[in-house]
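Asks: I'm passing along upload.txt; it holds compact mmCIF, C-alpha atoms and all ligand atoms.
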# COMPACT_ATOMS: atom_id res chain seq x y z
CA MET A 27 -46.92 -7.26 4.83
CA ARG A 28 -44.24 -5.47 6.84
CA PRO A 29 -40.89 -5.11 5.04
CA PRO A 30 -38.01 -7.29 6.27
CA SER A 31 -36.08 -5.65 9.07
CA SER A 32 -32.75 -7.44 8.74
CA VAL A 33 -30.56 -8.99 6.07
CA ARG A 34 -31.57 -12.40 7.48
CA GLU A 35 -35.24 -11.70 6.82
CA PHE A 36 -34.40 -10.53 3.32
CA GLU A 37 -32.66 -13.82 2.69
CA ALA A 38 -35.78 -15.73 3.79
CA ALA A 39 -37.97 -13.55 1.57
CA ALA A 40 -35.62 -14.05 -1.39
CA ARG A 41 -35.51 -17.78 -0.86
CA ALA A 42 -39.30 -17.97 -0.90
CA ARG A 43 -39.39 -16.18 -4.27
CA LEU A 44 -36.47 -17.65 -6.15
CA ASP A 45 -36.30 -20.84 -8.18
CA PRO A 46 -34.38 -23.24 -5.86
CA ALA A 47 -31.58 -23.64 -8.44
CA HIS A 48 -31.13 -19.88 -8.60
CA TYR A 49 -31.32 -19.47 -4.83
CA ASP A 50 -28.61 -22.11 -4.48
CA TYR A 51 -26.45 -20.43 -7.12
CA PHE A 52 -26.60 -17.16 -5.17
CA ALA A 53 -26.32 -18.68 -1.70
CA GLY A 54 -23.84 -21.46 -2.27
CA GLY A 55 -20.11 -21.85 -1.90
CA ALA A 56 -17.34 -24.13 -3.04
CA GLY A 57 -16.59 -27.62 -1.75
CA GLU A 58 -17.82 -28.33 1.78
CA GLU A 59 -18.70 -24.63 2.17
CA VAL A 60 -16.29 -24.38 5.11
CA THR A 61 -15.17 -20.89 4.09
CA LEU A 62 -18.72 -19.81 3.28
CA ARG A 63 -19.74 -20.55 6.88
CA ALA A 64 -16.48 -19.21 8.29
CA ASN A 65 -17.00 -15.73 6.83
CA GLU A 66 -20.05 -15.09 9.01
CA ALA A 67 -18.93 -17.20 11.97
CA ALA A 68 -15.65 -15.28 12.31
CA PHE A 69 -17.51 -12.00 12.77
CA GLY A 70 -19.58 -13.71 15.48
CA ARG A 71 -16.43 -14.75 17.35
CA LEU A 72 -15.08 -11.20 17.47
CA ALA A 73 -16.40 -9.25 20.45
CA LEU A 74 -16.75 -5.48 20.49
CA LEU A 75 -15.21 -3.70 23.48
CA PRO A 76 -17.00 -0.36 23.40
CA ARG A 77 -15.98 2.94 24.91
CA VAL A 78 -18.50 5.11 26.75
CA LEU A 79 -19.29 8.81 26.75
CA GLY A 80 -17.44 9.54 23.52
CA GLY A 81 -20.21 9.78 20.93
CA ALA A 82 -21.43 12.52 18.61
CA ALA A 83 -24.99 13.69 18.02
CA LYS A 84 -24.56 12.81 14.35
CA PRO A 85 -21.73 10.34 13.82
CA GLU A 86 -19.67 10.54 10.64
CA LEU A 87 -20.26 7.54 8.37
CA GLY A 88 -19.04 8.80 4.99
CA VAL A 89 -15.89 7.57 3.26
CA THR A 90 -14.06 8.66 0.12
CA LEU A 91 -12.49 5.86 -1.88
CA LEU A 92 -10.36 6.55 -4.95
CA GLY A 93 -12.07 9.92 -5.26
CA ASP A 94 -15.62 8.53 -5.01
CA ARG A 95 -17.69 9.47 -2.00
CA ALA A 96 -19.95 6.93 -0.28
CA ALA A 97 -22.40 8.06 2.39
CA ALA A 98 -21.66 4.91 4.39
CA PRO A 99 -18.71 2.50 4.30
CA VAL A 100 -20.81 -0.28 2.72
CA LEU A 101 -20.33 -0.86 -1.01
CA VAL A 102 -22.16 -3.15 -3.39
CA ALA A 103 -19.74 -6.02 -4.10
CA PRO A 104 -19.80 -7.34 -7.67
CA THR A 105 -22.25 -10.19 -8.11
CA ALA A 106 -23.28 -11.81 -11.37
CA PHE A 107 -26.66 -12.41 -12.98
CA HIS A 108 -28.96 -9.88 -11.29
CA ARG A 109 -31.74 -10.49 -13.80
CA LEU A 110 -32.05 -14.00 -12.34
CA ALA A 111 -33.13 -12.28 -9.14
CA HIS A 112 -35.34 -9.55 -10.64
CA PRO A 113 -36.36 -8.56 -14.19
CA GLU A 114 -34.80 -5.08 -13.80
CA GLY A 115 -31.55 -6.70 -12.75
CA GLU A 116 -28.49 -4.48 -12.39
CA LYS A 117 -30.49 -1.38 -13.36
CA ALA A 118 -32.52 -1.73 -10.17
CA THR A 119 -29.41 -2.40 -8.09
CA ALA A 120 -27.63 0.65 -9.48
CA ARG A 121 -30.60 2.94 -8.88
CA ALA A 122 -30.76 1.74 -5.28
CA ALA A 123 -27.01 2.23 -4.82
CA ALA A 124 -27.31 5.75 -6.27
CA ALA A 125 -30.21 6.55 -3.93
CA ALA A 126 -28.25 5.22 -0.96
CA GLU A 127 -25.25 7.24 -2.18
CA THR A 128 -22.86 4.37 -2.30
CA ILE A 129 -20.56 2.77 -4.85
CA MET A 130 -21.70 -0.22 -6.88
CA ILE A 131 -19.11 -2.54 -8.36
CA VAL A 132 -20.75 -3.84 -11.53
CA SER A 133 -19.84 -7.44 -12.31
CA MET A 134 -18.42 -8.21 -15.71
CA ALA A 135 -21.02 -11.01 -15.62
CA SER A 136 -23.89 -8.56 -15.32
CA THR A 137 -27.06 -9.31 -17.24
CA VAL A 138 -27.37 -5.63 -18.25
CA ALA A 139 -24.46 -4.05 -20.16
CA VAL A 140 -22.42 -1.69 -18.00
CA GLY A 141 -23.25 1.26 -20.27
CA ASP A 142 -26.97 0.55 -19.86
CA VAL A 143 -26.56 0.23 -16.09
CA ALA A 144 -24.93 3.68 -16.02
CA ALA A 145 -27.63 5.17 -18.27
CA ALA A 146 -30.39 3.75 -16.06
CA ALA A 147 -28.97 5.19 -12.85
CA PRO A 148 -27.81 8.77 -13.32
CA GLY A 149 -25.56 9.84 -10.48
CA ALA A 150 -24.58 6.28 -9.60
CA ARG A 151 -20.93 5.81 -8.74
CA LEU A 152 -19.95 2.65 -10.58
CA TRP A 153 -16.75 0.64 -10.61
CA PHE A 154 -16.29 -2.24 -13.07
CA GLN A 155 -15.18 -5.74 -12.08
CA LEU A 156 -13.08 -7.61 -14.60
CA TYR A 157 -12.10 -11.22 -15.11
CA VAL A 158 -9.04 -10.99 -17.33
CA GLN A 159 -9.92 -12.81 -20.54
CA PRO A 160 -7.40 -15.01 -22.36
CA ASP A 161 -7.92 -12.85 -25.48
CA PRO A 162 -6.12 -9.56 -24.66
CA ALA A 163 -8.06 -7.68 -27.33
CA PHE A 164 -11.35 -8.68 -25.73
CA THR A 165 -10.08 -7.71 -22.28
CA GLU A 166 -9.22 -4.30 -23.72
CA LEU A 167 -12.70 -3.99 -25.24
CA LEU A 168 -14.18 -4.61 -21.77
CA VAL A 169 -11.91 -1.98 -20.23
CA ARG A 170 -12.96 0.59 -22.86
CA ARG A 171 -16.64 -0.19 -22.22
CA ALA A 172 -16.09 0.42 -18.51
CA GLU A 173 -14.35 3.72 -19.24
CA GLU A 174 -17.08 4.82 -21.64
CA ALA A 175 -19.72 4.00 -19.04
CA GLY A 176 -17.95 6.40 -16.65
CA CYS A 177 -16.76 3.79 -14.18
CA GLY A 178 -14.41 5.18 -11.56
CA ALA A 179 -12.19 2.12 -11.07
CA LEU A 180 -11.34 -1.26 -12.50
CA VAL A 181 -11.70 -4.09 -9.99
CA VAL A 182 -9.59 -7.01 -11.15
CA THR A 183 -10.60 -10.31 -9.61
CA ALA A 184 -7.51 -12.34 -8.81
CA ASP A 185 -9.02 -15.28 -6.93
CA SER A 186 -10.62 -16.99 -9.90
CA PRO A 187 -8.03 -18.50 -12.25
CA VAL A 188 -10.67 -21.21 -12.60
CA ARG A 189 -14.27 -21.26 -11.49
CA GLY A 190 -14.79 -22.68 -7.99
CA ARG A 191 -16.38 -26.14 -7.75
CA ARG A 192 -19.85 -25.68 -6.36
CA ASP A 193 -21.79 -28.81 -5.54
CA ARG A 194 -25.13 -27.03 -5.34
CA ASP A 195 -24.82 -25.93 -8.99
CA GLU A 196 -23.82 -29.46 -9.98
CA ARG A 197 -26.83 -30.92 -8.20
CA HIS A 198 -29.20 -28.60 -10.05
CA GLY A 199 -27.31 -28.83 -13.34
CA PHE A 200 -27.10 -25.02 -13.21
CA HIS A 201 -24.37 -24.04 -15.65
CA ASP A 202 -25.94 -21.48 -17.96
CA LEU A 203 -28.31 -18.57 -17.81
CA PRO A 204 -31.84 -19.35 -19.01
CA THR A 205 -32.86 -18.38 -22.53
CA GLY A 206 -33.35 -14.63 -22.83
CA LEU A 207 -30.63 -13.70 -20.36
CA CYS A 208 -26.94 -13.36 -21.07
CA CYS A 209 -23.78 -11.62 -19.90
CA GLU A 210 -24.38 -8.47 -21.94
CA ASN A 211 -20.83 -7.15 -21.50
CA MET A 212 -19.54 -10.20 -23.33
CA ARG A 213 -20.85 -9.15 -26.75
CA ASP A 214 -18.13 -8.75 -29.32
CA GLU A 215 -18.20 -6.08 -32.06
CA THR A 216 -20.58 -8.23 -34.11
CA GLY A 217 -23.02 -8.54 -31.20
CA ARG A 218 -22.23 -12.19 -30.56
CA VAL A 219 -22.09 -13.10 -26.86
CA ARG A 220 -18.85 -14.77 -25.89
CA PRO A 221 -18.69 -17.18 -22.95
CA ILE A 222 -16.80 -15.88 -19.91
CA GLU A 223 -13.44 -17.59 -19.85
CA PHE A 224 -11.25 -18.01 -16.83
CA SER A 225 -7.51 -17.56 -17.18
CA PRO A 226 -5.60 -20.22 -15.23
CA ALA A 227 -2.35 -18.51 -16.21
CA ILE A 228 -3.37 -15.06 -14.96
CA SER A 229 -0.29 -13.38 -13.48
CA TRP A 230 1.15 -10.10 -12.26
CA GLU A 231 2.06 -9.36 -15.89
CA HIS A 232 -1.64 -9.10 -16.68
CA VAL A 233 -1.98 -6.48 -13.97
CA ASP A 234 0.95 -4.60 -15.54
CA ARG A 235 -0.73 -4.76 -18.95
CA LEU A 236 -3.96 -3.39 -17.50
CA ARG A 237 -1.96 -0.67 -15.78
CA ASP A 238 -0.55 0.35 -19.19
CA MET A 239 -3.96 0.07 -20.86
CA THR A 240 -5.98 2.44 -18.69
CA SER A 241 -5.64 5.41 -16.40
CA LEU A 242 -8.46 4.11 -14.21
CA PRO A 243 -7.35 3.14 -10.71
CA ILE A 244 -6.92 -0.62 -10.42
CA VAL A 245 -8.34 -2.43 -7.39
CA LEU A 246 -7.13 -5.97 -6.83
CA LYS A 247 -9.90 -8.20 -5.47
CA GLY A 248 -9.37 -11.52 -3.77
CA VAL A 249 -6.12 -10.98 -1.91
CA LEU A 250 -5.64 -13.00 1.31
CA HIS A 251 -1.87 -13.43 1.71
CA PRO A 252 0.17 -10.51 3.10
CA ALA A 253 2.99 -11.23 0.64
CA ASP A 254 0.60 -10.76 -2.29
CA ALA A 255 -0.64 -7.53 -0.75
CA ARG A 256 2.93 -6.23 -0.55
CA ARG A 257 3.62 -7.40 -4.08
CA ALA A 258 0.56 -5.62 -5.45
CA LEU A 259 2.00 -2.30 -4.34
CA GLY A 260 4.77 -2.67 -6.90
CA HIS A 261 2.26 -3.14 -9.72
CA GLY A 262 0.43 0.16 -9.56
CA VAL A 263 -2.58 -1.13 -7.65
CA SER A 264 -4.59 1.65 -5.95
CA ALA A 265 -6.58 -0.46 -3.48
CA LEU A 266 -7.02 -4.06 -2.36
CA ILE A 267 -10.08 -6.07 -1.50
CA VAL A 268 -9.50 -8.80 1.05
CA SER A 269 -11.96 -11.40 -0.15
CA ASN A 270 -12.41 -15.13 -0.59
CA HIS A 271 -15.18 -14.53 -3.14
CA GLY A 272 -17.82 -15.23 -0.53
CA GLY A 273 -16.47 -18.76 -0.05
CA ARG A 274 -17.16 -19.63 -3.69
CA GLN A 275 -13.64 -20.28 -4.96
CA LEU A 276 -11.03 -22.16 -2.89
CA ASP A 277 -12.74 -23.80 0.05
CA THR A 278 -11.08 -23.87 3.50
CA VAL A 279 -9.26 -20.56 3.06
CA PRO A 280 -9.67 -18.31 6.12
CA ALA A 281 -12.62 -16.08 6.75
CA ALA A 282 -12.10 -12.70 5.12
CA VAL A 283 -12.03 -10.88 8.46
CA GLU A 284 -9.37 -13.29 9.72
CA ALA A 285 -7.13 -12.54 6.75
CA LEU A 286 -7.68 -8.78 7.05
CA PRO A 287 -5.15 -7.83 9.76
CA GLY A 288 -2.23 -9.47 7.92
CA VAL A 289 -3.01 -7.58 4.71
CA VAL A 290 -3.53 -4.29 6.55
CA GLU A 291 -0.18 -4.69 8.25
CA ALA A 292 1.54 -5.58 4.97
CA VAL A 293 0.40 -2.47 3.10
CA ALA A 294 0.95 -0.21 6.13
CA GLY A 295 -1.49 2.47 5.04
CA THR A 296 -0.10 2.95 1.51
CA VAL A 297 -3.39 2.01 -0.18
CA PRO A 298 -6.93 1.51 1.11
CA VAL A 299 -7.84 -2.04 2.06
CA LEU A 300 -11.46 -3.11 1.63
CA LEU A 301 -13.05 -6.37 2.76
CA ASP A 302 -15.97 -8.46 1.63
CA GLY A 303 -17.37 -11.76 2.86
CA GLY A 304 -19.90 -12.45 5.58
CA VAL A 305 -20.91 -8.86 6.38
CA ARG A 306 -24.54 -9.06 7.53
CA ARG A 307 -24.79 -6.46 10.30
CA GLY A 308 -23.59 -2.98 11.15
CA THR A 309 -21.48 -4.49 13.93
CA ASP A 310 -19.62 -6.55 11.29
CA VAL A 311 -18.82 -3.34 9.42
CA LEU A 312 -17.43 -1.76 12.59
CA LYS A 313 -15.29 -4.82 13.36
CA ALA A 314 -13.78 -4.80 9.86
CA MET A 315 -13.06 -1.08 10.05
CA ALA A 316 -11.57 -1.37 13.53
CA LEU A 317 -9.20 -3.99 12.09
CA GLY A 318 -8.12 -1.60 9.37
CA ALA A 319 -10.60 -1.85 6.49
CA SER A 320 -11.49 1.43 4.78
CA ALA A 321 -14.91 0.06 3.82
CA VAL A 322 -16.67 -3.25 3.21
CA GLY A 323 -18.60 -4.81 0.35
CA VAL A 324 -21.80 -6.82 0.57
CA GLY A 325 -22.59 -9.46 -2.05
CA ARG A 326 -25.48 -11.73 -1.10
CA PRO A 327 -27.35 -9.19 1.04
CA VAL A 328 -27.84 -7.05 -2.07
CA VAL A 329 -29.02 -10.03 -4.09
CA TRP A 330 -31.52 -10.90 -1.34
CA GLY A 331 -32.88 -7.35 -1.39
CA LEU A 332 -33.15 -7.44 -5.17
CA ALA A 333 -34.92 -10.79 -5.26
CA ALA A 334 -37.29 -9.81 -2.46
CA ASP A 335 -38.36 -6.41 -3.74
CA GLY A 336 -36.29 -5.11 -6.66
CA GLU A 337 -34.83 -1.61 -6.37
CA ARG A 338 -36.80 -0.98 -3.17
CA GLY A 339 -35.43 -4.12 -1.58
CA VAL A 340 -31.80 -3.24 -2.37
CA ARG A 341 -32.36 0.28 -1.09
CA ARG A 342 -33.79 -1.08 2.13
CA VAL A 343 -30.89 -3.49 2.63
CA LEU A 344 -28.40 -0.67 2.15
CA ASP A 345 -30.39 1.67 4.40
CA LEU A 346 -30.69 -0.99 7.10
CA LEU A 347 -26.95 -1.61 7.10
CA ARG A 348 -26.28 2.11 7.20
CA ALA A 349 -28.64 2.57 10.16
CA GLU A 350 -27.04 -0.38 11.94
CA VAL A 351 -23.57 1.08 11.41
CA GLU A 352 -24.75 4.39 12.83
CA ASP A 353 -26.27 2.73 15.90
CA ALA A 354 -23.26 0.51 16.51
CA LEU A 355 -20.92 3.49 16.19
CA THR A 356 -22.91 5.46 18.74
CA LEU A 357 -23.07 2.49 21.10
CA CYS A 358 -19.30 2.12 20.78
CA GLY A 359 -18.83 5.70 21.89
CA ALA A 360 -17.22 6.68 18.58
CA ARG A 361 -17.80 9.87 16.62
CA SER A 362 -16.71 8.65 13.21
CA VAL A 363 -15.95 5.50 11.24
CA HIS A 364 -12.48 7.00 10.84
CA ASP A 365 -11.82 6.89 14.60
CA LEU A 366 -12.00 3.13 15.10
CA GLY A 367 -8.94 1.29 16.37
CA ALA A 368 -8.07 -2.36 16.87
CA ASP A 369 -8.71 -1.97 20.62
CA LEU A 370 -12.43 -1.94 19.80
CA VAL A 371 -12.25 -5.64 18.98
CA LEU A 372 -11.45 -8.52 21.32
CA ARG A 373 -10.09 -11.39 19.29
CA PRO A 374 -10.52 -14.94 20.61
CA CYS A 375 -7.29 -16.44 21.99
C1 LIG B 1 -24.04 -14.89 -6.57
C2 LIG B 1 -22.67 -14.30 -6.52
C3 LIG B 1 -22.05 -13.90 -7.69
C4 LIG B 1 -20.78 -13.34 -7.64
N1 LIG B 1 -20.24 -12.87 -8.79
C5 LIG B 1 -19.03 -12.28 -8.75
C6 LIG B 1 -18.48 -11.73 -9.92
O1 LIG B 1 -19.07 -11.76 -10.98
N2 LIG B 1 -17.25 -11.18 -9.83
C7 LIG B 1 -16.54 -11.14 -8.64
O2 LIG B 1 -15.42 -10.64 -8.61
N3 LIG B 1 -17.07 -11.63 -7.51
C8 LIG B 1 -18.30 -12.18 -7.53
N4 LIG B 1 -18.84 -12.66 -6.39
C9 LIG B 1 -18.12 -12.47 -5.10
C10 LIG B 1 -18.55 -11.15 -4.44
O3 LIG B 1 -18.00 -10.06 -5.12
C11 LIG B 1 -18.06 -11.07 -3.00
O4 LIG B 1 -16.70 -11.36 -2.94
C12 LIG B 1 -18.83 -11.99 -2.05
O5 LIG B 1 -20.18 -12.13 -2.43
C13 LIG B 1 -18.76 -11.44 -0.64
O6 LIG B 1 -19.39 -12.26 0.24
P1 LIG B 1 -20.90 -12.06 0.79
O7 LIG B 1 -21.78 -12.58 -0.27
O8 LIG B 1 -20.87 -12.90 2.02
O9 LIG B 1 -21.10 -10.59 1.07
C14 LIG B 1 -20.10 -13.22 -6.40
C15 LIG B 1 -20.72 -13.65 -5.23
C16 LIG B 1 -21.99 -14.17 -5.28
C17 LIG B 1 -22.64 -14.59 -3.99
C1 LIG B 2 -20.01 -15.76 -13.79
C2 LIG B 2 -19.57 -16.23 -12.43
C3 LIG B 2 -18.25 -16.88 -12.52
C4 LIG B 2 -19.66 -15.16 -11.42
C5 LIG B 2 -18.99 -15.44 -10.12
O1 LIG B 2 -17.94 -14.94 -9.85
C6 LIG B 2 -19.60 -16.27 -9.12
O2 LIG B 2 -20.63 -16.90 -9.37
O3 LIG B 2 -19.03 -16.35 -8.01
Have the structure of the file written as structure tokens, please.
Replies:
Amino acid sequence: MRPPSSVREFEAAARARLDPAHYDYFAGGAGEEVTLRANEAAFGRLALLPRVLGGAAKPELGVTLLGDRAAAPVLVAPTAFHRLAHPEGEKATARAAAAAETIMIVSMASTVAVGDVAAAAPGARLWFQLYVQPDPAFTELLVRRAEEAGCGALVVTADSPVRGRRDRDERHGFHDLPTGLCCENMRDETGRVRPIEFSPAISWEHVDRLRDMTSLPIVLKGVLHPADARRALGHGVSALIVSNHGGRQLDTVPAAVEALPGVVEAVAGTVPVLLDGGVRRGTDVLKAMALGASAVGVGRPVVWGLAADGERGVRRVLDLLRAEVEDALTLCGARSVHDLGADLVLRPC
């Protein structure tokens, strides 16, 4: 059978393979899924206004983020539970990210321990995503594990003081991983697996404590409001990710790409601003970068690749997106992803 030739086809292939409860866990969003739909729809409403006769024979796609080089401005966003999608789980994802020469943000809720992910994928550039745990000693243990695994940054998720309410999971009664799988990073010193806890009282003080705890750069994920973006700058944050968690947390917040310009303006170039949510095509990547993003993350597309064909599927998803970015860049008459300005995008009135 021919391999899928778009992220959409990968989703169809993944859906055909996955248990419906697991497909719905990966695909679903919070509440009425207004934000989930908005993430993709907002990219569709933005039109590209290309230039002509300005291209390069080999356009520049590479970006350097917090000292880590990525061959294309498309990162692997942190997503939980990869072994639900494929037995090799995060090991397969990391190998594919390494082969595609991009950065993978390993979820704290990975089903392979971050140290084992790193060991399985030599040369992978990994960052570690953290949900601050109510027990500060356990949070510190997680940070040390990320450091020992060689992760290049700590990505602190700020949009999840509680877990989003997801009707699809309720309908299936999907609340726990099946027997044999667990969140391997959550083992304490005795080997017991702790449940992931959310911290409703998470605050800027927690960011300060993390700042004191580690010399890793801290990336704040889940920022939508410009005032929070400005505030983050005073707390030693090295980058921001504009994200609504793929529409899985607070429903009816704006599409990520709609929130992007306000955050970009607020930080005024002091730190890189990344975006995730709804990126499915190379043209989406260009639109986000034209509006000021330094790179984007993809969540579900990677899971679809993994479910469809393991490491090979993830590699193909990343390669497809890279090729689409290259084509779109050339068709926009641009020589480099660093040359894109807001005039490339026509926003609806
Ligand atoms: C199945 C799934 C699991 C996720 N798990 C995490 C997680 O563990 N930590 C986190 O910060 N974000 C998590 N996210 C959010 C992603 O990092 C990202 O914000 C989102 O998927 C981007 O939207 P996209 O799926 O449209 O690309 C998850 C998203 C999905 C779809
Ligand atoms: C363990 C989960 C809370 C992971 C997550 O962030 C998600 O499912 O969106």
Asks: Using all atoms listed in the file, which protein or nucleic acid residues come within 12 Å of Leu236 of chain A? Drop anything in the same chain fewer than 3 positions from it, and give the result as a compact mmCIF listing (two decimals) with C-alpha atoms, in the coordinates of the input.
Replies:
# COMPACT_ATOMS: atom_id res chain seq x y z
CA LEU A 156 -13.08 -7.61 -14.60
CA TYR A 157 -12.10 -11.22 -15.11
CA VAL A 158 -9.04 -10.99 -17.33
CA GLN A 159 -9.92 -12.81 -20.54
CA PRO A 162 -6.12 -9.56 -24.66
CA ALA A 163 -8.06 -7.68 -27.33
CA THR A 165 -10.08 -7.71 -22.28
CA GLU A 166 -9.22 -4.30 -23.72
CA LEU A 167 -12.70 -3.99 -25.24
CA LEU A 168 -14.18 -4.61 -21.77
CA VAL A 169 -11.91 -1.98 -20.23
CA ARG A 170 -12.96 0.59 -22.86
CA ALA A 179 -12.19 2.12 -11.07
CA LEU A 180 -11.34 -1.26 -12.50
CA VAL A 181 -11.70 -4.09 -9.99
CA VAL A 182 -9.59 -7.01 -11.15
CA ILE A 228 -3.37 -15.06 -14.96
CA SER A 229 -0.29 -13.38 -13.48
CA TRP A 230 1.15 -10.10 -12.26
CA GLU A 231 2.06 -9.36 -15.89
CA HIS A 232 -1.64 -9.10 -16.68
CA VAL A 233 -1.98 -6.48 -13.97
CA MET A 239 -3.96 0.07 -20.86
CA THR A 240 -5.98 2.44 -18.69
CA SER A 241 -5.64 5.41 -16.40
CA LEU A 242 -8.46 4.11 -14.21
CA PRO A 243 -7.35 3.14 -10.71
CA ILE A 244 -6.92 -0.62 -10.42
CA VAL A 245 -8.34 -2.43 -7.39
CA LEU A 246 -7.13 -5.97 -6.83
CA HIS A 261 2.26 -3.14 -9.72
CA GLY A 262 0.43 0.16 -9.56
CA VAL A 263 -2.58 -1.13 -7.65
Asks: Which residues of chain A have any atom within 7 Å of an atom in ligand LIG 1 (chain B) when counting all atoms listed in the file, and what is the closest pair of atoms for each, with the distance in Å to one decimal? Order the rows by chain and rising number and write it as CSV.
Replies:
residue,atom,partner,partner_atom,distance
A:Tyr51,CA,B:LIG1,C1,6.1
A:Phe52,CA,B:LIG1,C1,3.7
A:Ala53,CA,B:LIG1,C17,6.0
A:Asn65,CA,B:LIG1,O8,6.8
A:Ala103,CA,B:LIG1,O3,4.5
A:Pro104,CA,B:LIG1,O3,4.1
A:Thr105,CA,B:LIG1,N1,3.4
A:Ala106,CA,B:LIG1,N1,4.1
A:Ser133,CA,B:LIG1,O1,4.6
A:Met134,CA,B:LIG1,O1,5.9
A:Ala135,CA,B:LIG1,O1,5.1
A:Gln155,CA,B:LIG1,O2,6.0
A:Thr183,CA,B:LIG1,O2,4.9
A:Lys247,CA,B:LIG1,O2,6.8
A:Ser269,CA,B:LIG1,O4,5.5
A:Asn270,CA,B:LIG1,O4,6.2
A:His271,CA,B:LIG1,O4,3.5
A:Gly272,CA,B:LIG1,O6,3.4
A:Asp302,CA,B:LIG1,C13,4.7
A:Gly303,CA,B:LIG1,O6,3.3
A:Gly304,CA,B:LIG1,O8,3.7
A:Val305,CA,B:LIG1,O9,5.6
A:Gly323,CA,B:LIG1,O9,6.3
A:Val324,CA,B:LIG1,O9,3.9
A:Gly325,CA,B:LIG1,O5,3.6
A:Arg326,CA,B:LIG1,O7,3.9
A:Pro327,CA,B:LIG1,O9,6.4
Asks: Pick from A:Ala175, A:Pro298, A:Val328, A:Val89: nearest to Arg342 of chain A, with all atoms listed in the file counted?
Replies: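 Counting all atoms listed in the file, the residue closest to Arg342 of chain A is A:Val328.
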Asks: I need the residue nearest Gly199 of chain A from this list: A:Arg341, A:Arg256, A:His48, A:Arg274. Use only C-alpha atoms for the distance.
Replies: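 Smallest separation from Gly199 of chain A among the options: A:His48.
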Asks: Please determine, counting all atoms listed in the file, which residue among A:Asn211, A:Thr205, A:Ser32, A:Ser186 has the shortest atom-to-atom distance to ligand LIG 2 (chain B).
Replies: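 Among A:Asn211, A:Thr205, A:Ser32, A:Ser186, it is A:Ser186 that comes nearest to ligand LIG 2 (chain B).
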